[in-house]
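**Q** This is the content of target_6.cif (mmCIF, C-alpha atoms and all ligand atoms):
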```
data_start
#
loop_
_atom_site.label_atom_id
_atom_site.label_comp_id
_atom_site.auth_asym_id
_atom_site.auth_seq_id
_atom_site.Cartn_x
_atom_site.Cartn_y
_atom_site.Cartn_z
CA MET A 1 0.00 0.00 0.00
CA ASP A 2 1.33 3.45 -0.92
CA TYR A 3 1.88 5.33 2.31
CA GLU A 4 4.29 7.92 0.95
CA ARG A 5 1.58 10.56 0.83
CA TYR A 6 1.12 10.03 4.57
CA ASP A 7 3.58 10.37 7.37
CA ARG A 8 6.25 12.76 6.15
CA ILE A 9 7.30 13.70 9.69
CA ARG A 10 10.54 12.33 11.14
CA ALA A 11 10.75 13.77 14.65
CA VAL A 12 13.96 11.93 15.65
CA GLN A 13 16.86 12.52 13.25
CA TRP A 14 20.39 11.13 13.80
CA GLN A 15 23.04 13.50 12.46
CA ARG A 16 26.20 11.37 12.92
CA ASP A 17 27.50 13.37 15.92
CA HIS A 18 24.28 14.72 17.44
CA LEU A 19 20.59 13.92 17.67
CA ARG A 20 18.11 16.36 16.14
CA LEU A 21 14.67 16.35 17.79
CA LEU A 22 11.50 18.16 16.75
CA ASP A 23 10.51 19.86 20.01
CA GLN A 24 6.98 18.56 20.57
CA ARG A 25 6.30 20.98 23.41
CA LEU A 26 5.92 23.79 20.86
CA LEU A 27 3.76 22.09 18.22
CA PRO A 28 1.63 22.95 16.37
CA GLN A 29 2.37 26.66 16.72
CA GLU A 30 6.12 26.33 16.19
CA GLU A 31 8.35 23.78 14.47
CA ARG A 32 11.61 24.16 16.39
CA TRP A 33 14.42 21.60 16.43
CA ILE A 34 16.79 20.95 19.30
CA ASP A 35 20.23 19.37 18.92
CA CYS A 36 21.21 16.91 21.65
CA ARG A 37 24.98 16.47 21.82
CA ASP A 38 25.30 14.08 24.76
CA ALA A 39 23.35 11.46 26.72
CA GLY A 40 22.44 14.01 29.37
CA GLN A 41 20.75 16.28 26.86
CA VAL A 42 18.82 13.31 25.41
CA THR A 43 17.76 12.34 28.94
CA GLN A 44 16.48 15.85 29.61
CA ALA A 45 14.63 15.98 26.28
CA ILE A 46 12.83 12.74 27.14
CA ARG A 47 12.08 13.88 30.71
CA ASP A 48 10.70 17.22 29.46
CA LEU A 49 8.62 15.58 26.69
CA ALA A 50 10.47 17.45 23.95
CA VAL A 51 10.50 13.96 22.50
CA ARG A 52 7.71 11.64 23.70
CA GLY A 53 5.83 8.53 22.69
CA ALA A 54 6.91 5.09 23.86
CA PRO A 55 8.81 3.97 20.72
CA ALA A 56 10.28 7.41 20.07
CA ILE A 57 11.79 7.69 23.56
CA GLY A 58 13.38 4.25 23.18
CA ILE A 59 14.86 5.27 19.83
CA ALA A 60 16.12 8.60 21.21
CA ALA A 61 17.69 6.82 24.20
CA ALA A 62 19.50 4.39 21.89
CA TRP A 63 21.05 7.36 20.08
CA GLY A 64 21.98 8.81 23.46
CA VAL A 65 24.09 5.70 24.11
CA VAL A 66 25.80 6.17 20.74
CA LEU A 67 26.70 9.75 21.68
CA ALA A 68 28.25 8.49 24.93
CA ALA A 69 30.26 5.88 23.05
CA GLN A 70 31.49 8.43 20.51
CA GLN A 71 32.58 10.71 23.36
CA HIS A 72 34.26 7.86 25.28
CA VAL A 73 32.34 8.71 28.46
CA SER A 74 31.00 6.14 30.92
CA LEU A 75 28.46 3.96 29.12
CA ASP A 76 27.15 2.64 32.44
CA LEU A 77 26.43 6.19 33.55
CA ALA A 78 24.77 7.03 30.24
CA LEU A 79 22.60 3.91 30.40
CA ALA A 80 21.55 4.68 33.98
CA GLN A 81 20.84 8.34 33.19
CA LEU A 82 18.72 7.54 30.14
CA ARG A 83 16.87 4.75 31.95
CA SER A 84 15.81 7.18 34.68
CA ALA A 85 14.19 9.61 32.24
CA ARG A 86 10.63 8.18 32.46
CA PRO A 87 9.31 5.04 34.22
CA THR A 88 6.30 3.69 32.33
CA ALA A 89 7.10 3.11 28.64
CA VAL A 90 9.02 -0.18 28.54
CA ASN A 91 10.32 0.68 25.06
CA LEU A 92 12.89 2.89 26.84
CA MET A 93 14.22 -0.01 28.91
CA TRP A 94 13.94 -2.41 25.96
CA ALA A 95 16.08 -0.21 23.73
CA LEU A 96 18.67 0.41 26.46
CA ASP A 97 18.86 -3.30 27.29
CA ARG A 98 19.48 -4.02 23.62
CA MET A 99 22.26 -1.43 23.48
CA LYS A 100 23.71 -2.76 26.77
CA ALA A 101 23.86 -6.27 25.32
CA ARG A 102 25.81 -4.98 22.31
CA ILE A 103 28.19 -3.12 24.64
CA ALA A 104 28.71 -6.32 26.64
CA ALA A 105 29.52 -8.10 23.38
CA GLY A 106 32.27 -5.56 22.73
CA ALA A 107 30.52 -3.24 20.26
CA ASP A 108 32.37 -0.02 19.49
CA ALA A 109 30.70 3.32 18.67
CA ALA A 110 30.26 2.40 15.00
CA ALA A 111 28.59 -0.92 15.90
CA LEU A 112 26.35 0.84 18.43
CA GLU A 113 25.40 3.37 15.76
CA ARG A 114 24.34 0.50 13.51
CA GLU A 115 22.30 -1.00 16.37
CA ALA A 116 20.50 2.25 17.08
CA GLN A 117 19.75 2.66 13.38
CA ALA A 118 18.37 -0.89 13.31
CA ILE A 119 16.10 -0.11 16.27
CA GLN A 120 14.76 2.93 14.42
CA ASP A 121 14.34 1.15 11.09
CA GLU A 122 12.64 -1.85 12.71
CA ASP A 123 10.13 0.45 14.41
CA LEU A 124 9.09 2.04 11.11
CA ALA A 125 8.68 -1.38 9.49
CA ALA A 126 6.72 -2.65 12.49
CA ASN A 127 4.34 0.33 12.33
CA ARG A 128 3.59 -0.24 8.66
CA ARG A 129 2.96 -3.96 9.31
CA MET A 130 0.69 -3.13 12.28
CA GLY A 131 -1.17 -0.65 10.10
CA GLU A 132 -2.09 -3.39 7.65
CA LEU A 133 -2.97 -5.93 10.36
CA GLY A 134 -5.07 -3.47 12.33
CA ALA A 135 -6.85 -2.00 9.32
CA ALA A 136 -7.89 -5.51 8.25
CA LEU A 137 -9.94 -5.82 11.46
CA ILE A 138 -12.01 -2.73 10.64
CA ALA A 139 -15.17 -3.11 8.57
CA PRO A 140 -15.76 -0.69 5.69
CA HIS A 141 -17.61 2.55 6.46
CA SER A 142 -16.31 2.59 10.05
CA GLY A 143 -15.71 5.49 12.40
CA VAL A 144 -12.86 5.46 14.93
CA LEU A 145 -11.77 7.41 18.00
CA THR A 146 -8.14 7.66 19.04
CA HIS A 147 -6.48 9.05 22.16
CA CYS A 148 -3.22 10.90 22.77
CA ASN A 149 -0.68 10.89 19.92
CA THR A 150 0.58 7.64 18.48
CA GLY A 151 1.73 8.84 15.09
CA SER A 152 5.00 9.71 13.41
CA LEU A 153 5.80 12.09 16.27
CA ALA A 154 5.66 9.21 18.77
CA THR A 155 7.59 6.66 16.73
CA ALA A 156 10.14 6.23 13.93
CA GLY A 157 7.30 7.12 11.56
CA PHE A 158 3.79 6.18 10.42
CA GLY A 159 2.68 5.46 13.99
CA THR A 160 1.02 2.70 15.93
CA ALA A 161 -2.68 3.42 16.51
CA LEU A 162 -2.44 6.35 14.12
CA GLY A 163 -0.69 4.01 11.69
CA VAL A 164 -3.73 1.73 11.80
CA ILE A 165 -5.90 4.78 11.13
CA ARG A 166 -3.67 5.90 8.22
CA ALA A 167 -3.83 2.39 6.74
CA GLY A 168 -7.57 2.11 7.38
CA VAL A 169 -8.22 5.43 5.65
CA ALA A 170 -5.92 4.50 2.75
CA ALA A 171 -7.80 1.19 2.39
CA GLY A 172 -11.15 2.98 2.34
CA ARG A 173 -12.32 1.21 5.51
CA ILE A 174 -12.29 4.18 7.90
CA GLU A 175 -14.63 7.02 6.96
CA ARG A 176 -14.77 9.01 10.21
CA VAL A 177 -11.83 9.89 12.48
CA PHE A 178 -12.17 11.48 15.89
CA ALA A 179 -9.27 12.45 18.17
CA GLY A 180 -9.55 13.15 21.87
CA GLU A 181 -7.74 16.28 23.04
CA THR A 182 -5.97 14.30 25.79
CA ARG A 183 -5.62 16.59 28.75
CA PRO A 184 -3.51 17.80 30.37
CA TRP A 185 -0.63 17.72 27.85
CA GLN A 186 -3.00 17.86 24.85
CA GLN A 187 -1.15 15.31 22.68
CA GLY A 188 -4.37 14.72 20.74
CA ALA A 189 -5.30 18.35 20.16
CA ARG A 190 -1.77 19.58 19.49
CA LEU A 191 -0.05 16.59 17.89
CA THR A 192 -2.54 14.10 16.41
CA MET A 193 -4.57 16.83 14.73
CA TYR A 194 -1.29 18.33 13.41
CA GLU A 195 -0.40 14.99 11.83
CA LEU A 196 -3.87 14.30 10.40
CA VAL A 197 -4.28 17.76 8.90
CA ARG A 198 -0.79 17.51 7.32
CA ASP A 199 -1.86 14.14 5.86
CA GLY A 200 -5.08 15.58 4.51
CA ILE A 201 -7.08 13.08 6.57
CA PRO A 202 -10.36 14.67 7.71
CA ALA A 203 -10.73 14.40 11.47
CA LYS A 204 -12.69 15.96 14.28
CA LEU A 205 -11.23 16.89 17.65
CA ILE A 206 -13.38 16.13 20.68
CA ALA A 207 -13.09 17.06 24.31
CA ASP A 208 -12.02 14.06 26.38
CA SER A 209 -15.34 14.41 28.22
CA ALA A 210 -17.30 13.99 24.97
CA ALA A 211 -16.03 10.45 24.28
CA ALA A 212 -18.89 8.45 25.83
CA HIS A 213 -21.44 10.75 24.20
CA LEU A 214 -19.75 10.11 20.83
CA MET A 215 -19.87 6.35 21.42
CA LYS A 216 -23.57 6.56 22.28
CA SER A 217 -24.19 8.34 18.94
CA GLY A 218 -23.18 5.26 16.93
CA GLU A 219 -20.67 7.29 14.92
CA ILE A 220 -17.72 5.10 15.89
CA GLN A 221 -17.17 1.34 15.80
CA TRP A 222 -13.62 1.25 17.22
CA VAL A 223 -11.51 3.00 19.81
CA ILE A 224 -7.87 2.60 18.66
CA VAL A 225 -5.06 3.49 21.06
CA GLY A 226 -1.35 2.93 21.55
CA ALA A 227 0.45 1.56 24.57
CA ASP A 228 3.38 2.26 26.83
CA ARG A 229 3.65 -1.16 28.43
CA ILE A 230 1.68 -4.37 27.83
CA ALA A 231 1.95 -6.81 30.75
CA ALA A 232 2.19 -10.60 30.40
CA ASN A 233 -1.56 -11.02 30.82
CA GLY A 234 -2.47 -8.33 28.27
CA ASP A 235 -3.23 -5.55 30.77
CA THR A 236 -2.11 -2.35 29.04
CA ALA A 237 -0.70 0.91 30.36
CA ASN A 238 -1.41 3.88 28.14
CA LYS A 239 -2.08 7.61 28.35
CA ILE A 240 -4.34 8.66 31.21
CA GLY A 241 -7.95 8.51 30.07
CA THR A 242 -7.53 5.27 28.12
CA TYR A 243 -9.07 3.14 30.88
CA GLN A 244 -12.27 5.17 30.99
CA LEU A 245 -12.50 5.03 27.18
CA ALA A 246 -12.35 1.22 27.44
CA ILE A 247 -15.12 1.16 30.06
CA ALA A 248 -17.35 3.41 27.95
CA ALA A 249 -16.57 1.41 24.79
CA HIS A 250 -17.53 -1.82 26.55
CA HIS A 251 -20.80 -0.27 27.70
CA HIS A 252 -21.68 0.95 24.18
CA GLY A 253 -20.56 -2.11 22.22
CA VAL A 254 -17.67 -0.21 20.60
CA LYS A 255 -14.61 -2.38 19.92
CA PHE A 256 -11.29 -1.53 21.57
CA MET A 257 -7.94 -1.99 19.83
CA VAL A 258 -4.43 -1.53 21.20
CA ALA A 259 -1.72 -1.14 18.55
CA ALA A 260 1.87 -1.38 19.74
CA PRO A 261 5.16 -2.89 18.53
CA SER A 262 6.53 -5.92 20.39
CA SER A 263 9.05 -3.58 22.03
CA THR A 264 6.10 -2.43 24.16
CA VAL A 265 5.37 -5.94 25.45
CA ASP A 266 6.86 -6.69 28.87
CA MET A 267 6.49 -10.39 29.65
CA ALA A 268 8.51 -9.86 32.84
CA THR A 269 5.68 -7.78 34.29
CA ALA A 270 2.88 -10.13 35.29
CA THR A 271 -0.11 -7.80 35.36
CA GLY A 272 -1.06 -4.16 35.00
CA GLU A 273 -0.96 -3.82 38.78
CA ASP A 274 2.83 -4.13 38.56
CA ILE A 275 3.33 -1.27 36.08
CA ASP A 276 4.94 1.92 37.44
CA ILE A 277 2.59 4.78 36.55
CA GLU A 278 4.39 8.09 35.98
CA LEU A 279 3.23 10.98 38.15
CA ARG A 280 4.17 14.33 36.66
CA ASP A 281 4.33 17.82 38.14
CA SER A 282 0.87 19.05 39.13
CA ALA A 283 1.76 22.36 37.45
CA GLU A 284 1.00 20.60 34.12
CA LEU A 285 -2.61 20.30 35.31
CA LEU A 286 -2.93 23.69 36.96
CA SER A 287 -1.88 25.58 33.82
CA THR A 288 -2.75 25.51 30.14
CA ALA A 289 -0.25 26.61 27.48
CA GLY A 290 1.93 27.92 30.28
CA ARG A 291 -0.83 30.12 31.75
CA ARG A 292 -2.14 29.23 35.20
CA THR A 293 -5.86 28.48 35.04
CA VAL A 294 -6.47 27.31 38.63
CA VAL A 295 -6.61 29.44 41.75
CA GLU A 296 -3.35 29.75 43.66
CA GLY A 297 -3.23 27.39 46.60
CA ALA A 298 -5.09 24.63 44.72
CA GLU A 299 -3.41 21.24 44.49
CA ALA A 300 -3.62 18.58 41.75
CA TRP A 301 -2.90 14.87 41.21
CA ASN A 302 -1.34 14.24 37.80
CA PRO A 303 -0.88 10.55 36.88
CA VAL A 304 -0.16 10.53 33.13
CA PHE A 305 -0.90 6.85 32.44
CA ASP A 306 -3.53 4.33 33.52
CA VAL A 307 -4.03 0.61 33.01
CA THR A 308 -6.74 -0.98 30.89
CA PRO A 309 -7.41 -4.59 31.93
CA ALA A 310 -7.07 -7.17 29.18
CA GLY A 311 -10.74 -8.07 29.58
CA LEU A 312 -11.74 -4.70 28.10
CA ILE A 313 -9.47 -5.05 25.04
CA ASP A 314 -10.85 -6.70 21.89
CA ALA A 315 -7.56 -6.84 20.00
CA ILE A 316 -3.88 -6.23 20.61
CA VAL A 317 -2.14 -5.60 17.29
CA THR A 318 1.65 -5.93 17.06
CA GLU A 319 3.93 -6.48 14.08
CA ARG A 320 4.04 -10.17 15.03
CA GLY A 321 0.30 -10.55 14.67
CA VAL A 322 -3.08 -9.91 16.27
CA ILE A 323 -4.23 -11.23 19.63
CA GLU A 324 -8.03 -11.12 19.85
CA ARG A 325 -9.43 -11.29 23.40
CA PRO A 326 -5.94 -11.08 24.99
CA SER A 327 -5.07 -13.40 27.86
CA GLU A 328 -1.92 -14.67 29.55
CA LEU A 329 -2.01 -17.81 27.43
CA ALA A 330 -2.45 -15.86 24.21
CA MET A 331 0.38 -13.52 25.16
CA GLN A 332 2.67 -16.43 26.00
CA ALA A 333 1.84 -18.11 22.69
CA MET A 334 2.97 -15.02 20.78
CA PHE A 335 5.75 -13.66 22.98
CA GLY A 336 6.97 -16.63 25.01
CA ARG A 337 7.21 -16.72 28.79
C1 LIG A 401 3.06 5.17 20.13
S1 LIG A 401 3.15 6.26 21.49
C2 LIG A 401 2.61 5.28 22.78
C3 LIG A 401 2.08 6.11 23.95
O1 LIG A 401 3.03 7.09 24.45
C4 LIG A 401 2.30 8.28 24.81
O2 LIG A 401 2.67 8.81 26.05
P1 LIG A 401 3.51 10.21 26.13
O3 LIG A 401 2.92 11.16 25.15
O4 LIG A 401 3.33 10.64 27.58
O5 LIG A 401 4.93 9.80 25.83
C5 LIG A 401 0.87 7.82 24.86
O6 LIG A 401 0.59 7.11 26.06
C6 LIG A 401 0.84 6.89 23.66
O7 LIG A 401 -0.31 6.12 23.57
#
```
What does the file become when written as structure tokens?
**A**
Amino acid sequence: MDYERYDRIRAVQWQRDHLRLLDQRLLPQEERWIDCRDAGQVTQAIRDLAVRGAPAIGIAAAWGVVLAAQQHVSLDLALAQLRSARPTAVNLMWALDRMKARIAAGADAAALEREAQAIQDEDLAANRRMGELGAALIAPHSGVLTHCNTGSLATAGFGTALGVIRAGVAAGRIERVFAGETRPWQQGARLTMYELVRDGIPAKLIADSAAAHLMKSGEIQWVIVGADRIAANGDTANKIGTYQLAIAAHHHGVKFMVAAPSSTVDMATATGEDIDIELRDSAELLSTAGRRTVVEGAEAWNPVFDVTPAGLIDAIVTERGVIERPSELAMQAMFGR
């Protein structure tokens, strides 16, 4: 399928001696690039969400290790620093473990550069494969709702859930696309709509609080989301708000799809209860676009992920295949113990 007309964004660009990142904190108003010249700067960019999205932060971290190797600084320190950047997306740990294994095998900077490039290239290929597999599950004339941003900005390109939507639109199966704004960081409003408008894919933004009302209208047949960590029993951590979308979808007979590369699967984590949910600064909730919107003295609780139990998920789509009605057995069959 010809995807070239979609997905022209490459938010993570290796430049041989530095890493160029499209600063996602400023989109869509401003397209500004930042150059990371060491592992510490990559760590800070991940921590500050200048680069975000489970696969994208793993890819950026892999390049951070390459920078450390090129500069002959402590690789153990670089690995530890990068690993500490954010706790929930297992893609970060997966990518660093893969780089660590190459280091243990004696890889030099050039070999590590090839490994990081392979991680990035594999992610793009996985997204295009997932797009085809996920789109095939969607009946013609369907409407879909997505949450957060899971597109080219969050990956090596094409996207996970947004990749399924791109493929479903290209195949003529998806006729209506809705994107939730995704408070408080607004990945849906600021990033997903930016990608869809650039692709020329008609889409409607909705308030997060409008999702159940949309499902009740009959306009959508699928909720399609990404993931930050999929536990061994299929429980899935994703952007805050995903869990309540799954509950509402179940109530309204709307199907629920998780699209994520196998680098998001964590068979060492037994259930969703064991996933570390990132709590971010409450200031992100008390302000909008940098302007405080809540009375001084107010407090906030700002978990940025939640866990959807496997029982509320109709399909988990990875590049290895589709698991319908995910369970521990089904996960073990596809990913081993
Ligand atoms: C394919 S991106 C997966 C996942 O990452 C996002 O989180 P964040 O924007 O905080 O990095 C979101 O949960 C996406 O669904």
**Q** Which is closest to A:Lys204 among A:Leu133, A:Leu124, A:Ile220, A:Val177, if we use only C-alpha atoms?
**A**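 Going through A:Leu133, A:Leu124, A:Ile220, A:Val177 one by one, the smallest distance to A:Lys204 is for A:Val177.
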**Q** Between A:Ala60, A:Ala270, A:Ala248, A:Ala111, which one has atoms that come closest to A:Met215, using all atoms listed in the file?
**A**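 Of A:Ala60, A:Ala270, A:Ala248, A:Ala111, the one nearest A:Met215 is A:Ala248, counting all atoms listed in the file.
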**Q** Compile the contact shell of A:Ile59 as an NGL selection string: residues with an atom at most 8 Å away, counting all atoms listed in the file, same-chain residues fewer than 6 positions apart removed.
**A** :A and (12 or 92 or 95 or 116 or 119-120 or 156)
**Q** At a cut-off of 8 Å and counting all atoms listed in the file, what residues surround ligand LIG 401 (chain A)? Please answer as a count of residues only.
**A** 32
**Q** Name the closest residue to A:Leu162 among the candidates A:Tyr6, A:Met99, A:Asp76, A:Leu279; distances are taken between atoms, counting only C-alpha atoms.
**A** A:Tyr6
**Q** Which distance in Å separates atom CA of A:Arg47 and atom CA of A:Ala85, to one decimal?
**A** 5.0 Å
**Q** What separation in Å, quoted to one decimal, exists between atom CA of A:Val258 and atom CA of A:Gln13?
**A** 26.7 Å
**Q** Taking only C-alpha atoms into account, which of A:Gly168, A:Pro309, A:Pro303, A:Gly64 comes nearest A:Pro87?
**A** A:Pro303
**Q** For a test of reading the model, state the distance in Å between atom CA of A:Thr146 and atom CA of A:Gly188, rounded to one decimal.
**A**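 Interatomic distance here is 8.2 Å.
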**Q** Counting all atoms listed in the file, write as a ChimeraX atom specification all protein and nucleic acid residues lying at most 7 Å from (-9.4, 8.7, 16.7) in the file's frame.
**A** /A:144-147,177-180,223-224
**Q** From the options A:Thr182, A:Val65, A:Met334, A:Leu245, which residue's atoms come nearest to A:His213, counting all atoms listed in the file?
**A** A:Leu245
**Q** For stretch 18-34 of chain A, find every residue with an atom within 10 Å (counting only C-alpha atoms), except residues of its own chain fewer than 2 positions away, and show them as a PyMOL selection string.
**A** chain A and resi 9-16+36-39+41-42+45+48-52+60+63-64+66-67+153-154+185-187+189-195+289
**Q** Looking at A:Ala231, A:Ala207, A:Ala105, A:Leu75, which one is nearest to A:Thr269, with distances taken over only C-alpha atoms?
**A** A:Ala231
**Q** At a cut-off of 10 Å, using all atoms listed in the file, what residues contact A:Ala136? Leave out same-chain residues fewer than 6 positions from it and give the result as a ChimeraX atom specification.
**A** /A:130,164,167-168,171,173
**Q** Can you pull out every residue within 10 Å of A:Ala249, counting only C-alpha atoms, but drop anything in the same chain fewer than 5 positions away, and send it as a list in words?
**A**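 Here the answer would be Ala211, Ala212, Met215, Lys216, Ile220, Gln221, Trp222, Val223, Tyr243, Gln244, Val254, Lys255, Phe256, Leu312 and Ile313 of chain A.
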**Q** Which residues, protein or nucleic acid, reach to within 8 Å of (-2.3, -6.5, 37.0) in the file's coordinates when using all atoms listed in the file, and can you give that as a list in words?
**A**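 Taken together, the residues in range are Ala231, Asn233, Asp235, Ala270, Thr271, Gly272, Glu273, Asp274, Ile275 and Pro309 of chain A.
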**Q** Just add N, CA and C atoms to stretch 256-277 of chain A and send it as a PDB file, keeping the file's coordinate frame.
**A**
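Dumped to result25.pdb:
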```pdb
ATOM      1  N   PHE A 256     -12.438  -2.235  21.001  1.00  0.00           N
ATOM      2  CA  PHE A 256     -11.290  -1.530  21.570  1.00  0.00           C
ATOM      3  C   PHE A 256     -10.019  -2.215  21.100  1.00  0.00           C
ATOM      4  N   MET A 257      -9.179  -1.463  20.392  1.00  0.00           N
ATOM      5  CA  MET A 257      -7.940  -1.990  19.830  1.00  0.00           C
ATOM      6  C   MET A 257      -6.727  -1.284  20.424  1.00  0.00           C
ATOM      7  N   VAL A 258      -5.740  -2.067  20.807  1.00  0.00           N
ATOM      8  CA  VAL A 258      -4.430  -1.530  21.200  1.00  0.00           C
ATOM      9  C   VAL A 258      -3.447  -1.892  20.108  1.00  0.00           C
ATOM     10  N   ALA A 259      -2.743  -0.902  19.587  1.00  0.00           N
ATOM     11  CA  ALA A 259      -1.720  -1.140  18.550  1.00  0.00           C
ATOM     12  C   ALA A 259      -0.376  -0.726  19.108  1.00  0.00           C
ATOM     13  N   ALA A 260       0.559  -1.687  19.166  1.00  0.00           N
ATOM     14  CA  ALA A 260       1.870  -1.380  19.740  1.00  0.00           C
ATOM     15  C   ALA A 260       2.886  -2.379  19.214  1.00  0.00           C
ATOM     16  N   PRO A 261       4.130  -1.957  18.967  1.00  0.00           N
ATOM     17  CA  PRO A 261       5.160  -2.890  18.530  1.00  0.00           C
ATOM     18  C   PRO A 261       5.522  -3.838  19.669  1.00  0.00           C
ATOM     19  N   SER A 262       6.169  -4.935  19.347  1.00  0.00           N
ATOM     20  CA  SER A 262       6.530  -5.920  20.390  1.00  0.00           C
ATOM     21  C   SER A 262       7.511  -5.355  21.405  1.00  0.00           C
ATOM     22  N   SER A 263       8.155  -4.237  21.058  1.00  0.00           N
ATOM     23  CA  SER A 263       9.050  -3.580  22.030  1.00  0.00           C
ATOM     24  C   SER A 263       8.275  -2.964  23.190  1.00  0.00           C
ATOM     25  N   THR A 264       6.944  -2.962  23.082  1.00  0.00           N
ATOM     26  CA  THR A 264       6.100  -2.430  24.160  1.00  0.00           C
ATOM     27  C   THR A 264       5.599  -3.552  25.070  1.00  0.00           C
ATOM     28  N   VAL A 265       5.823  -4.790  24.655  1.00  0.00           N
ATOM     29  CA  VAL A 265       5.370  -5.940  25.450  1.00  0.00           C
ATOM     30  C   VAL A 265       6.408  -6.260  26.511  1.00  0.00           C
ATOM     31  N   ASP A 266       5.950  -6.410  27.744  1.00  0.00           N
ATOM     32  CA  ASP A 266       6.860  -6.690  28.870  1.00  0.00           C
ATOM     33  C   ASP A 266       6.404  -7.965  29.566  1.00  0.00           C
ATOM     34  N   MET A 267       6.926  -9.092  29.097  1.00  0.00           N
ATOM     35  CA  MET A 267       6.490 -10.390  29.650  1.00  0.00           C
ATOM     36  C   MET A 267       7.056 -10.604  31.055  1.00  0.00           C
ATOM     37  N   ALA A 268       7.963  -9.735  31.481  1.00  0.00           N
ATOM     38  CA  ALA A 268       8.510  -9.860  32.840  1.00  0.00           C
ATOM     39  C   ALA A 268       7.619  -9.175  33.866  1.00  0.00           C
ATOM     40  N   THR A 269       6.644  -8.440  33.393  1.00  0.00           N
ATOM     41  CA  THR A 269       5.680  -7.780  34.290  1.00  0.00           C
ATOM     42  C   THR A 269       4.368  -8.553  34.217  1.00  0.00           C
ATOM     43  N   ALA A 270       3.970  -9.152  35.318  1.00  0.00           N
ATOM     44  CA  ALA A 270       2.880 -10.130  35.290  1.00  0.00           C
ATOM     45  C   ALA A 270       1.522  -9.501  34.938  1.00  0.00           C
ATOM     46  N   THR A 271       1.192  -8.422  35.606  1.00  0.00           N
ATOM     47  CA  THR A 271      -0.110  -7.800  35.360  1.00  0.00           C
ATOM     48  C   THR A 271       0.023  -6.281  35.373  1.00  0.00           C
ATOM     49  N   GLY A 272      -1.043  -5.624  35.004  1.00  0.00           N
ATOM     50  CA  GLY A 272      -1.060  -4.160  35.000  1.00  0.00           C
ATOM     51  C   GLY A 272      -0.832  -3.549  36.367  1.00  0.00           C
ATOM     52  N   GLU A 273      -1.150  -4.334  37.404  1.00  0.00           N
ATOM     53  CA  GLU A 273      -0.960  -3.820  38.780  1.00  0.00           C
ATOM     54  C   GLU A 273       0.513  -3.570  39.070  1.00  0.00           C
ATOM     55  N   ASP A 274       1.387  -4.222  38.293  1.00  0.00           N
ATOM     56  CA  ASP A 274       2.830  -4.130  38.560  1.00  0.00           C
ATOM     57  C   ASP A 274       3.504  -3.039  37.732  1.00  0.00           C
ATOM     58  N   ILE A 275       2.736  -2.288  36.953  1.00  0.00           N
ATOM     59  CA  ILE A 275       3.330  -1.270  36.080  1.00  0.00           C
ATOM     60  C   ILE A 275       3.469   0.040  36.841  1.00  0.00           C
ATOM     61  N   ASP A 276       4.658   0.640  36.771  1.00  0.00           N
ATOM     62  CA  ASP A 276       4.940   1.920  37.440  1.00  0.00           C
ATOM     63  C   ASP A 276       4.291   3.044  36.628  1.00  0.00           C
ATOM     64  N   ILE A 277       3.309   3.707  37.230  1.00  0.00           N
ATOM     65  CA  ILE A 277       2.590   4.780  36.550  1.00  0.00           C
ATOM     66  C   ILE A 277       3.261   6.113  36.859  1.00  0.00           C
TER      67      ILE A 277
END
```
